[in-house]
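**Q** Contents of start14.cif (mmCIF, C-alpha atoms):
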data_run
#
loop_
_atom_site.label_atom_id
_atom_site.label_comp_id
_atom_site.auth_asym_id
_atom_site.auth_seq_id
_atom_site.Cartn_x
_atom_site.Cartn_y
_atom_site.Cartn_z
CA MET A 30 217.30 115.26 -101.77
CA HIS A 31 216.75 117.44 -98.68
CA VAL A 32 213.17 118.52 -98.08
CA GLY A 33 213.17 121.91 -96.35
CA PRO A 34 210.55 123.11 -93.88
CA GLY A 35 208.60 125.10 -96.44
CA ARG A 36 208.53 122.32 -98.98
CA ARG A 37 207.49 119.80 -96.25
CA SER A 38 204.49 121.97 -95.29
CA ALA A 39 203.36 122.08 -98.88
CA LEU A 40 203.65 118.33 -99.19
CA LEU A 41 201.62 117.78 -96.02
CA ALA A 42 198.85 120.12 -97.09
CA SER A 43 198.61 118.51 -100.49
CA ALA A 44 198.60 114.98 -99.05
CA ALA A 45 195.87 115.76 -96.50
CA LEU A 46 193.63 117.04 -99.25
CA ALA A 47 194.26 113.87 -101.24
CA GLY A 48 193.18 111.64 -98.33
CA SER A 49 196.58 110.08 -97.62
CA LEU A 50 199.78 111.24 -96.00
CA VAL A 51 203.28 111.12 -97.51
CA LEU A 52 206.24 111.82 -95.23
CA THR A 53 210.00 111.64 -95.66
CA ALA A 54 212.78 112.30 -93.17
CA CYS A 55 216.45 113.20 -93.46
CA SER A 56 217.89 111.18 -90.62
CA GLY A 57 220.99 109.24 -91.62
CA GLY A 58 220.21 105.62 -92.54
CA SER A 59 222.23 102.69 -91.33
CA GLY A 60 223.72 100.19 -93.73
CA GLY A 61 224.24 102.35 -96.84
CA GLY A 62 226.07 105.20 -95.14
CA GLY A 63 226.60 108.79 -96.31
CA ASN A 64 225.84 109.95 -99.83
CA ASP A 65 226.18 106.43 -101.23
CA ALA A 66 223.02 105.21 -99.47
CA GLY A 67 220.72 106.53 -102.19
CA PRO A 68 217.46 108.45 -101.74
CA GLU A 69 215.18 108.10 -98.75
CA PRO A 70 212.02 106.02 -99.16
CA ARG A 71 208.68 107.82 -99.30
CA ILE A 72 206.18 106.65 -96.66
CA THR A 73 202.49 106.97 -97.50
CA VAL A 74 199.86 106.54 -94.80
CA SER A 75 196.22 106.07 -95.70
CA PRO A 76 193.87 107.48 -94.46
CA GLY A 77 195.92 110.66 -94.04
CA GLU A 78 195.90 113.40 -91.45
CA GLY A 79 192.48 114.88 -90.81
CA LYS A 80 189.02 114.51 -89.32
CA ASP A 81 185.84 112.73 -90.35
CA VAL A 82 187.63 109.83 -92.01
CA LYS A 83 185.03 107.65 -93.72
CA LEU A 84 183.72 104.63 -91.83
CA GLY A 85 184.83 101.34 -93.30
CA SER A 86 188.26 102.66 -94.27
CA GLN A 87 191.27 100.40 -93.81
CA ILE A 88 194.61 101.67 -92.55
CA SER A 89 197.60 101.02 -94.78
CA VAL A 90 201.23 102.13 -94.85
CA LYS A 91 203.41 102.01 -97.96
CA ALA A 92 207.13 102.60 -98.46
CA GLU A 93 208.00 103.67 -102.00
CA GLY A 94 211.61 103.03 -102.87
CA GLY A 95 212.33 100.98 -99.78
CA LYS A 96 211.06 98.60 -97.11
CA LEU A 97 209.12 99.23 -93.94
CA THR A 98 211.04 98.39 -90.79
CA GLU A 99 208.49 99.41 -88.18
CA VAL A 100 204.75 100.11 -88.08
CA GLU A 101 202.78 100.90 -84.95
CA VAL A 102 199.10 101.87 -84.96
CA LYS A 103 197.17 102.76 -81.81
CA ASP A 104 193.65 103.97 -81.19
CA ALA A 105 192.47 106.63 -78.76
CA LYS A 106 192.65 104.18 -75.83
CA GLY A 107 196.22 103.21 -76.67
CA GLU A 108 195.22 99.77 -77.91
CA LYS A 109 197.33 98.44 -80.76
CA VAL A 110 195.81 97.74 -84.16
CA THR A 111 197.16 94.51 -85.62
CA GLY A 112 198.10 94.17 -89.26
CA ARG A 113 200.13 92.26 -91.82
CA MET A 114 203.25 93.10 -93.73
CA ALA A 115 203.39 92.22 -97.41
CA ASP A 116 206.01 89.70 -98.51
CA ASP A 117 208.08 92.43 -100.19
CA GLY A 118 208.12 94.50 -97.01
CA ALA A 119 206.85 97.58 -98.80
CA THR A 120 203.24 97.58 -97.58
CA TRP A 121 201.53 97.09 -94.22
CA THR A 122 197.75 96.65 -94.01
CA ALA A 123 195.59 96.63 -90.88
CA ASP A 124 193.66 93.43 -90.18
CA GLY A 125 190.36 95.24 -89.72
CA LYS A 126 188.78 98.58 -90.46
CA VAL A 127 188.64 101.85 -88.56
CA GLY A 128 185.99 102.10 -85.89
CA PRO A 129 183.52 104.96 -85.54
CA LYS A 130 184.35 108.09 -83.53
CA ASN A 131 187.92 107.05 -82.81
CA THR A 132 191.35 108.59 -83.20
CA TYR A 133 194.24 106.63 -84.66
CA THR A 134 197.94 107.39 -84.58
CA VAL A 135 200.20 105.71 -87.12
CA ARG A 136 203.98 105.73 -86.62
CA SER A 137 206.26 104.01 -89.08
CA LYS A 138 209.85 103.75 -90.29
CA ALA A 139 211.39 102.55 -93.53
CA LYS A 140 214.79 102.18 -95.13
CA GLY A 141 215.56 102.87 -98.76
CA GLY A 142 216.71 100.53 -101.49
CA LYS A 143 215.49 97.16 -102.69
CA ASP A 144 217.35 95.48 -99.86
CA GLY A 145 216.06 97.89 -97.24
CA LYS A 146 219.54 98.96 -96.14
CA GLY A 147 219.53 102.53 -97.40
CA LYS A 148 218.64 105.81 -95.75
CA GLU A 149 215.96 105.77 -93.08
CA ALA A 150 212.72 107.72 -93.17
CA SER A 151 210.02 107.98 -90.50
CA SER A 152 206.47 109.26 -90.36
CA SER A 153 203.68 110.00 -87.90
CA ALA A 154 200.05 110.52 -88.85
CA THR A 155 196.93 111.07 -86.73
CA PHE A 156 193.34 111.04 -87.93
CA THR A 157 189.84 110.89 -86.46
CA THR A 158 186.96 108.87 -87.88
CA GLN A 159 183.32 109.76 -88.38
CA ALA A 160 180.69 108.97 -85.77
CA ALA A 161 178.24 106.17 -86.58
CA PRO A 162 174.50 106.90 -86.84
CA SER A 163 174.03 103.92 -84.49
CA VAL A 164 176.27 101.20 -83.04
CA ASN A 165 175.58 97.46 -83.15
CA LYS A 166 176.89 95.40 -80.23
CA LEU A 167 177.07 91.68 -79.62
CA THR A 168 176.72 89.25 -76.74
CA ASN A 169 178.89 86.15 -76.97
CA THR A 170 178.22 82.68 -75.62
CA PRO A 171 180.11 81.01 -74.02
CA GLY A 172 181.81 83.74 -72.01
CA ASN A 173 185.52 84.36 -71.89
CA GLY A 174 187.37 81.74 -69.84
CA GLN A 175 184.34 79.48 -69.44
CA THR A 176 184.57 75.68 -69.45
CA VAL A 177 181.63 74.09 -71.26
CA GLY A 178 180.28 70.81 -72.56
CA THR A 179 181.18 69.01 -75.77
CA GLY A 180 178.06 70.19 -77.60
CA MET A 181 178.48 73.92 -77.03
CA PRO A 182 178.27 76.14 -80.12
CA VAL A 183 179.82 79.59 -80.40
CA SER A 184 176.78 81.87 -80.32
CA ILE A 185 176.81 85.59 -81.14
CA LEU A 186 173.66 87.62 -80.49
CA PHE A 187 173.37 91.08 -82.07
CA ASP A 188 171.48 93.80 -80.24
CA HIS A 189 170.34 95.39 -83.54
CA PRO A 190 169.18 93.76 -86.80
CA VAL A 191 171.74 92.66 -89.39
CA ASP A 192 170.81 93.21 -93.04
CA LYS A 193 171.02 90.05 -95.13
CA SER A 194 173.22 91.91 -97.61
CA LYS A 195 175.78 92.54 -94.83
CA ARG A 196 175.93 89.02 -93.41
CA ALA A 197 178.67 87.71 -95.69
CA GLU A 198 181.11 90.47 -94.71
CA ILE A 199 180.35 89.98 -91.02
CA GLU A 200 180.83 86.23 -91.33
CA LYS A 201 184.20 86.76 -93.04
CA SER A 202 185.25 88.90 -90.08
CA LEU A 203 184.67 86.05 -87.60
CA THR A 204 187.12 83.22 -86.95
CA VAL A 205 187.18 80.18 -84.67
CA THR A 206 190.47 78.39 -84.04
CA SER A 207 191.05 75.49 -81.70
CA THR A 208 193.63 73.09 -80.34
CA PRO A 209 193.23 70.41 -81.58
CA LYS A 210 191.86 71.72 -84.87
CA VAL A 211 188.13 71.07 -85.28
CA GLU A 212 186.04 71.45 -88.43
CA GLY A 213 182.95 73.62 -88.14
CA ALA A 214 180.81 76.27 -89.83
CA TRP A 215 178.88 79.47 -89.13
CA GLY A 216 175.12 79.57 -89.53
CA TRP A 217 172.64 82.46 -89.26
CA VAL A 218 169.62 81.88 -87.04
CA LYS A 219 166.80 83.89 -85.50
CA ASP A 220 167.04 83.88 -81.73
CA TRP A 221 163.92 83.02 -79.70
CA SER A 222 163.90 86.69 -78.65
CA GLY A 223 163.54 87.73 -82.30
CA GLN A 224 167.08 89.11 -82.51
CA ASP A 225 169.57 88.16 -85.23
CA ARG A 226 172.19 85.61 -84.24
CA ILE A 227 175.08 83.71 -85.81
CA ASP A 228 176.33 80.41 -84.36
CA TRP A 229 179.38 78.28 -85.11
CA ARG A 230 179.06 74.57 -84.47
CA PRO A 231 181.58 71.77 -84.95
CA LYS A 232 180.79 69.13 -87.54
CA THR A 233 180.73 66.63 -84.68
CA TYR A 234 181.01 67.15 -80.94
CA TRP A 235 184.11 68.87 -79.52
CA PRO A 236 186.82 66.55 -78.15
CA SER A 237 187.11 66.91 -74.39
CA GLY A 238 190.00 69.21 -73.46
CA THR A 239 189.84 71.37 -76.60
CA LYS A 240 190.99 74.99 -76.27
CA VAL A 241 189.00 77.44 -78.41
CA ASN A 242 189.69 81.02 -79.48
CA VAL A 243 187.12 83.26 -81.18
CA LYS A 244 187.93 86.54 -82.90
CA GLY A 245 185.68 89.10 -84.50
CA LEU A 246 187.43 91.82 -86.51
CA LEU A 247 184.20 93.78 -86.57
CA SER A 248 185.40 97.32 -85.90
CA GLY A 249 184.24 99.52 -88.78
CA VAL A 250 182.02 96.83 -90.32
CA ASP A 251 178.57 97.95 -91.44
CA SER A 252 175.62 95.81 -90.31
CA GLY A 253 173.06 97.81 -92.28
CA GLU A 254 170.25 99.76 -90.68
CA GLY A 255 171.22 98.27 -87.32
CA GLY A 256 174.40 100.35 -87.29
CA TRP A 257 178.15 99.91 -87.37
CA PHE A 258 180.36 97.84 -85.10
CA ALA A 259 182.65 99.99 -82.96
CA LYS A 260 185.20 97.45 -81.72
CA ASN A 261 186.89 94.12 -82.31
CA TYR A 262 186.14 91.12 -80.11
CA ALA A 263 188.20 88.18 -78.85
CA TRP A 264 187.57 85.51 -76.24
CA ASP A 265 188.61 82.00 -75.25
CA PHE A 266 186.87 79.02 -73.74
CA SER A 267 187.62 75.37 -73.00
CA ILE A 268 185.79 72.09 -73.47
CA GLY A 269 185.40 70.08 -70.30
CA ALA A 270 184.49 66.47 -69.57
CA ASP A 271 182.39 64.51 -72.06
CA HIS A 272 179.08 64.34 -70.21
CA LYS A 273 175.85 63.68 -72.09
CA ALA A 274 172.37 62.33 -71.37
CA VAL A 275 169.79 60.31 -73.28
CA ILE A 276 166.08 60.31 -72.44
CA ASP A 277 164.02 57.35 -73.56
CA VAL A 278 160.43 58.52 -73.35
CA PRO A 279 158.54 55.15 -73.25
CA SER A 280 160.75 53.77 -70.45
CA HIS A 281 160.60 57.01 -68.43
CA THR A 282 164.40 57.06 -68.08
CA LEU A 283 167.31 59.45 -68.36
CA THR A 284 170.71 57.80 -68.77
CA MET A 285 173.86 59.76 -67.94
CA LEU A 286 176.88 59.05 -70.18
CA GLU A 287 180.53 59.83 -69.54
CA ASN A 288 182.88 59.32 -72.49
CA GLY A 289 180.09 57.38 -74.15
CA LYS A 290 179.57 54.93 -71.27
CA ALA A 291 176.49 54.82 -69.04
CA VAL A 292 177.25 55.93 -65.49
CA GLY A 293 173.72 56.13 -64.10
CA THR A 294 170.03 55.90 -64.97
CA ILE A 295 167.30 58.01 -63.44
CA LYS A 296 163.54 57.55 -63.52
CA GLY A 297 161.38 60.48 -64.51
CA SER A 298 158.24 61.69 -66.18
CA ALA A 299 158.39 63.09 -69.72
CA GLY A 300 155.68 64.97 -71.63
CA SER A 301 152.17 63.57 -71.83
CA PRO A 302 150.61 62.41 -75.11
CA VAL A 303 149.01 65.87 -75.31
CA ASP A 304 152.30 67.76 -74.70
CA PRO A 305 155.05 65.26 -75.63
CA THR A 306 158.68 66.14 -75.01
CA ARG A 307 160.43 67.49 -78.10
CA GLY A 308 162.74 64.98 -79.76
CA GLY A 309 166.26 65.23 -81.11
CA VAL A 310 169.48 66.50 -79.60
CA HIS A 311 169.19 69.50 -77.28
CA THR A 312 172.01 71.57 -75.78
CA VAL A 313 172.01 72.66 -72.15
CA ARG A 314 171.74 76.44 -72.47
CA SER A 315 171.52 77.49 -68.81
CA LYS A 316 170.77 76.21 -65.31
CA ASN A 317 168.89 77.56 -62.30
CA ALA A 318 168.99 76.13 -58.80
CA ASP A 319 165.56 77.53 -57.90
CA GLU A 320 162.80 78.45 -60.32
CA THR A 321 159.05 79.02 -60.41
CA MET A 322 157.25 77.06 -63.12
CA ASP A 323 154.74 79.51 -64.57
CA SER A 324 152.19 78.00 -66.95
CA SER A 325 151.56 81.33 -68.66
CA THR A 326 155.09 81.32 -70.12
CA ILE A 327 154.35 78.25 -72.28
CA GLY A 328 150.82 79.07 -73.36
CA HIS A 329 148.81 77.37 -70.59
CA GLY A 330 147.34 80.46 -69.01
CA ASN A 331 147.13 80.41 -65.22
CA GLU A 332 146.92 76.63 -64.81
CA TRP A 333 149.85 76.35 -62.39
CA MET A 334 152.55 78.23 -60.51
CA LEU A 335 154.95 75.68 -58.99
CA ASP A 336 158.33 76.04 -57.29
CA SER A 337 161.03 73.72 -58.60
CA LYS A 338 164.70 73.12 -57.84
CA TRP A 339 167.72 72.08 -59.92
CA VAL A 340 166.35 73.23 -63.26
CA THR A 341 168.38 72.48 -66.40
CA HIS A 342 167.19 74.47 -69.43
CA LEU A 343 167.23 72.83 -72.88
CA THR A 344 165.16 75.26 -74.97
CA ALA A 345 164.09 78.88 -74.63
CA SER A 346 160.48 77.80 -75.19
CA GLY A 347 160.36 75.77 -71.97
CA THR A 348 161.82 72.27 -72.34
CA PHE A 349 163.52 71.68 -68.98
CA LEU A 350 164.88 68.94 -66.76
CA HIS A 351 163.75 69.67 -63.20
CA SER A 352 162.50 68.44 -59.88
CA ALA A 353 158.77 67.73 -59.74
CA PRO A 354 157.90 66.92 -56.11
CA TRP A 355 154.20 67.43 -56.90
CA ASN A 356 154.20 64.55 -59.42
CA GLN A 357 153.19 61.21 -57.87
CA SER A 358 153.73 59.28 -61.15
CA ILE A 359 157.48 59.76 -61.68
CA GLY A 360 158.94 56.72 -63.43
CA VAL A 361 155.47 55.32 -64.10
CA GLU A 362 153.62 57.76 -66.33
CA ASN A 363 154.58 60.50 -68.77
CA ASN A 364 152.29 63.31 -67.69
CA SER A 365 154.29 66.55 -67.81
CA HIS A 366 153.78 69.46 -70.20
CA GLY A 367 156.91 68.69 -72.22
CA CYS A 368 159.60 68.73 -69.54
CA PHE A 369 161.30 65.78 -67.85
CA GLY A 370 160.41 65.82 -64.14
CA MET A 371 162.32 63.91 -61.44
CA THR A 372 162.58 63.63 -57.71
CA THR A 373 164.48 66.51 -56.14
CA SER A 374 167.53 64.37 -55.34
CA ASP A 375 167.70 62.96 -58.88
CA ALA A 376 167.23 66.40 -60.43
CA LYS A 377 170.25 67.55 -58.41
CA LYS A 378 172.32 64.63 -59.78
CA VAL A 379 171.43 65.57 -63.36
CA TYR A 380 172.00 69.29 -62.65
CA ASP A 381 175.48 68.59 -61.31
CA PHE A 382 176.38 66.08 -64.04
CA LEU A 383 175.43 68.15 -67.10
CA PRO A 384 177.45 71.34 -67.67
CA ILE A 385 176.22 74.14 -69.88
CA GLY A 386 176.97 73.10 -73.44
CA SER A 387 176.41 69.37 -72.86
CA THR A 388 173.79 67.55 -74.91
CA VAL A 389 170.58 65.74 -74.04
CA GLU A 390 169.06 63.48 -76.70
CA VAL A 391 165.35 62.71 -76.49
CA LYS A 392 164.43 59.41 -78.16
CA ASN A 393 161.18 57.64 -79.06
CA THR A 394 158.90 60.60 -78.43
CA THR A 395 155.58 61.08 -80.21
CA SER A 396 156.28 64.79 -80.66
CA THR A 397 156.41 65.94 -84.28
CA LYS A 398 157.58 69.47 -83.48
CA VAL A 399 160.88 70.50 -85.06
CA THR A 400 162.92 72.70 -82.72
CA ASP A 401 164.45 75.68 -84.52
CA PRO A 402 168.22 76.10 -83.90
CA GLY A 403 167.54 79.59 -82.52
CA ASN A 404 165.28 78.15 -79.80
CA GLY A 405 168.00 77.90 -77.19
CA LEU A 406 171.32 76.54 -78.50
CA SER A 407 169.63 73.88 -80.63
CA VAL A 408 172.24 73.65 -83.39
CA TRP A 409 172.27 69.83 -83.20
CA GLN A 410 168.66 69.62 -84.32
CA GLU A 411 169.95 69.80 -87.91
CA SER A 412 172.29 67.58 -89.89
CA TRP A 413 175.71 68.86 -90.89
CA ASP A 414 174.52 69.41 -94.49
CA GLN A 415 171.46 71.33 -93.31
CA TRP A 416 173.55 73.48 -90.99
CA GLN A 417 176.07 74.48 -93.66
CA LYS A 418 173.26 75.93 -95.77
CA ARG A 419 172.74 78.59 -93.12
CA SER A 420 176.07 80.23 -93.96
CA ALA A 421 175.94 83.53 -95.85
CA LEU A 422 179.05 82.44 -97.78
CA LYS A 423 177.50 79.40 -99.44
#
Turn this file's structure into structure tokens for me.

**A**
Amino acid sequence: MHVGPGRRSALLASAALAGSLVLTACSGGSGGGGNDAGPEPRITVSPGEGKDVKLGSQISVKAEGGKLTEVEVKDAKGEKVTGRMADDGATWTADGKVGPKNTYTVRSKAKGGKDGKGKEASSSATFTTQAAPSVNKLTNTPGNGQTVGTGMPVSILFDHPVDKSKRAEIEKSLTVTSTPKVEGAWGWVKDWSGQDRIDWRPKTYWPSGTKVNVKGLLSGVDSGEGGWFAKNYAWDFSIGADHKAVIDVPSHTLTMLENGKAVGTIKGSAGSPVDPTRGGVHTVRSKNADETMDSSTIGHGNEWMLDSKWVTHLTASGTFLHSAPWNQSIGVENNSHGCFGMTTSDAKKVYDFLPIGSTVEVKNTTSTKVTDPGNGLSVWQESWDQWQKRSALK
């Protein structure tokens, strides 16, 4: 059947009103040849031509009476939208959803017949999506291309709140893949800053040399009152050498471990009986070569303001490994306010040995405080069973 110009205009107008676009073309198909090739397939694109397409919509292309041979979807910046073809070749569906205030162009081709060798049809559709009342963005840790320690979680911090009712969909949109394959799980935590956060931690520590890829198909996903996500995310990182440390509070020592074997022991001063160092497994979250120790930041008013070097941060609340040149009792007495102080040269050794994402276990402390996973990158403070309960998909 030949669709003339007038008839085609009527079809387009009707399809736009219906919210999807149906297009056919009369170009000669390959394979069937001539009048024996049968009718052309009908290509339906959803959403169809138009403006103010609803947020959360998913792009799909369908070939009725044939099979799709080509589908290309690009946004306003020319970036391709990935998708999957159904096993029967008749339907293509985008991996994610449309983002706010964006324009998408969908070009596709199909051939008629059950075997997809009949006449060829092609279509082109362009539509623009609604603007979002507000946009939610994320900050990912570790950064793209970073090499980190074997205890590093994937940590995603949202700049606006995430409604509890929206967490399951967001979690489904996030994937972590690695080589070699490593078992792990997502867990929702409250960051020390008060912001919502979701972390992915392995069941056990990463093997050294692991390559990790993280994807977030978040474009067009609603986070609730905090707004919609406007883009997809993807980044990679690598796991470096297996470096860890263990602090034994009563003996005033920090032992450095490489591949599970001790490679050095350093004397230091842990927290006093009044402010004992927090126990359990901590993750190195950041490092600072020079830092001023301000007592007001940990609830001690204006008691001290001291300059320190080679500072390794374990918690956001102020548990650090650092030089303490003012302390005359290093290796003899535990008299700090919760940190582990060392000589400047030893603090440098620890600073250089422990990469971000490595772990420091504090043993035999008198502290009874339980460190929340959102206080730094403290995902190892909980057992695997406890951690899994933080998933919104449980």

**Q** Residue by residue, what does the PyMOL selection byres ((chain A and resi 384) around 8) grab here? Present the result as a PyMOL selection string.

**A** chain A and resi 177-178+272+313+380-383+385-387

**Q** Please measure the separation of atom CA of A:Lys201 and atom CA of A:Asn261, giving the value in Å to one decimal.

**A**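 Interatomic distance, atom CA of A:Lys201 to atom CA of A:Asn261: 13.3 Å.
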
**Q** If I take atom CA of A:Glu390 and atom CA of A:Gly309, how far is one from the other in Å, to one decimal?

**A**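 It comes out at 5.5 Å.
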
**Q** When you look at A:Ile276 with a cut-off of 8 Å (counting only C-alpha atoms), what residues show up, excluding the ones that are within fewer than 2 positions of it in the same chain? I need them as a ChimeraX atom specification.

**A** /A:274,278,281-284,389-392

**Q** Check what the PyMOL selection byres ((chain A and resi 233) around 10) selects in the file above and give those residues as a list in words.

**A** Thr179, Gly180, Val211, Glu212, Gly213, Arg230, Pro231, Lys232, Tyr234, Trp235, Pro236, Trp409, Ser412 and Trp413 of chain A

**Q** So which residues touch stretch 416-420 of chain A within 10 Å, counting only C-alpha atoms, skipping near sequence neighbours fewer than 2 positions away, as a VMD selection string?

**A** chain A and resid 196 to 197 200 213 to 218 227 to 230 232 402 408 to 414 422 to 423

**Q** Quick check, in Å to one decimal: how far apart do atom CA of A:Ser301 and atom CA of A:Leu343 lie?

**A**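 The value is 17.7 Å.
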
**Q** Write out, as a Markdown table, each residue of stretch 122-153 of chain A that has an atom at most 6 Å from stretch 242-260 of chain A, together with the closest pair of atoms and their distance in Å to one decimal, counting all atoms listed in the file, rows going by chain and rising number.

**A**
| residue | atom | partner | partner_atom | distance |
| --- | --- | --- | --- | --- |
| A:Gly125 | CA | A:Leu246 | CA | 5.5 |
| A:Lys126 | CA | A:Gly249 | CA | 4.9 |
| A:Val127 | CA | A:Gly249 | CA | 5.0 |
| A:Gly128 | CA | A:Gly249 | CA | 4.3 |
| A:Pro129 | CA | A:Ala259 | CA | 5.7 |

**Q** Just checking: using all atoms listed in the file, which residue out of A:Leu335, A:Leu350, A:Val74, A:Val90 ends up closest to A:Thr122?

**A**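 Smallest distance to A:Thr122 is found for A:Val90.
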
**Q** Pick from A:Gly289, A:Lys240, A:Ala270, A:Asp375: nearest to A:Thr206, with all atoms listed in the file counted?

**A** A:Lys240

**Q** Please identify all polymer residues within 12 Å of A:Asn356, counting all atoms listed in the file, omitting same-chain residues fewer than 5 positions from it, and present them as a PyMOL selection string.

**A** chain A and resi 297-299+335+337+351+361-366+369-373

**Q** So that I can see what lies close to A:Gly238, please list as an MDAnalysis selection string the residues with an atom at most 9 Å from it, counting all atoms listed in the file and leaving out residues fewer than 5 positions away in the same chain.

**A** chainID A and resid 208:209 267:270

**Q** Would you mind exporting the chosen residues as a CSV table (one decimal), keeping the file's coordinate frame, restricted to C-alpha atoms?

**A**
chain,number,residue,atom,x,y,z
A,208,THR,CA,193.6,73.1,-80.3
A,209,PRO,CA,193.2,70.4,-81.6
A,267,SER,CA,187.6,75.4,-73.0
A,268,ILE,CA,185.8,72.1,-73.5
A,269,GLY,CA,185.4,70.1,-70.3
A,270,ALA,CA,184.5,66.5,-69.6

**Q** Box time for stretch 175-189 of chain A: axis-aligned, enclosing all its listed atoms, 8 Å extra on each side; report centre and edge lengths in Å to one decimal, as AutoDock Vina command-line options.

**A**
--center_x 177.5 --center_y 82.2 --center_z -76.5 --size_x 30.2 --size_y 42.4 --size_z 30.1

**Q** Take stretch 364-376 of chain A, bring it up to N, CA, C and O atoms, and give me the output as a tab-separated table (two decimals), in the coordinates of the input.

**A**
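Dumped to result.tsv:
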chain	number	residue	atom	x	y	z
A	364	ASN	N	153.44	62.44	-67.86
A	364	ASN	CA	152.29	63.31	-67.69
A	364	ASN	C	152.66	64.79	-67.52
A	364	ASN	O	151.87	65.57	-67.01
A	365	SER	N	153.89	65.15	-67.92
A	365	SER	CA	154.29	66.55	-67.81
A	365	SER	C	153.82	67.33	-69.03
A	365	SER	O	153.18	66.78	-69.95
A	366	HIS	N	154.15	68.62	-69.06
A	366	HIS	CA	153.78	69.46	-70.20
A	366	HIS	C	154.96	69.66	-71.15
A	366	HIS	O	155.11	70.72	-71.76
A	367	GLY	N	155.79	68.65	-71.28
A	367	GLY	CA	156.91	68.69	-72.22
A	367	GLY	C	158.27	68.61	-71.57
A	367	GLY	O	159.27	68.35	-72.24
A	368	CYS	N	158.33	68.83	-70.26
A	368	CYS	CA	159.60	68.73	-69.54
A	368	CYS	C	159.87	67.29	-69.11
A	368	CYS	O	159.05	66.40	-69.36
A	369	PHE	N	161.00	67.09	-68.44
A	369	PHE	CA	161.30	65.78	-67.85
A	369	PHE	C	161.44	66.01	-66.35
A	369	PHE	O	162.44	66.59	-65.88
A	370	GLY	N	160.42	65.60	-65.58
A	370	GLY	CA	160.41	65.82	-64.14
A	370	GLY	C	160.99	64.64	-63.38
A	370	GLY	O	160.82	63.48	-63.78
A	371	MET	N	161.66	64.94	-62.26
A	371	MET	CA	162.32	63.91	-61.44
A	371	MET	C	162.12	64.22	-59.97
A	371	MET	O	161.61	65.28	-59.61
A	372	THR	N	162.54	63.31	-59.13
A	372	THR	CA	162.58	63.63	-57.71
A	372	THR	C	163.62	64.73	-57.51
A	372	THR	O	164.51	64.92	-58.35
A	373	THR	N	163.55	65.40	-56.39
A	373	THR	CA	164.48	66.51	-56.14
A	373	THR	C	165.93	66.03	-56.09
A	373	THR	O	166.83	66.66	-56.64
A	374	SER	N	166.16	64.88	-55.44
A	374	SER	CA	167.53	64.37	-55.34
A	374	SER	C	168.07	63.96	-56.70
A	374	SER	O	169.25	64.20	-57.02
A	375	ASP	N	167.24	63.36	-57.54
A	375	ASP	CA	167.70	62.96	-58.88
A	375	ASP	C	167.91	64.17	-59.78
A	375	ASP	O	168.83	64.20	-60.60
A	376	ALA	N	167.06	65.18	-59.65
A	376	ALA	CA	167.23	66.40	-60.43
A	376	ALA	C	168.57	67.07	-60.10
A	376	ALA	O	169.24	67.62	-60.97
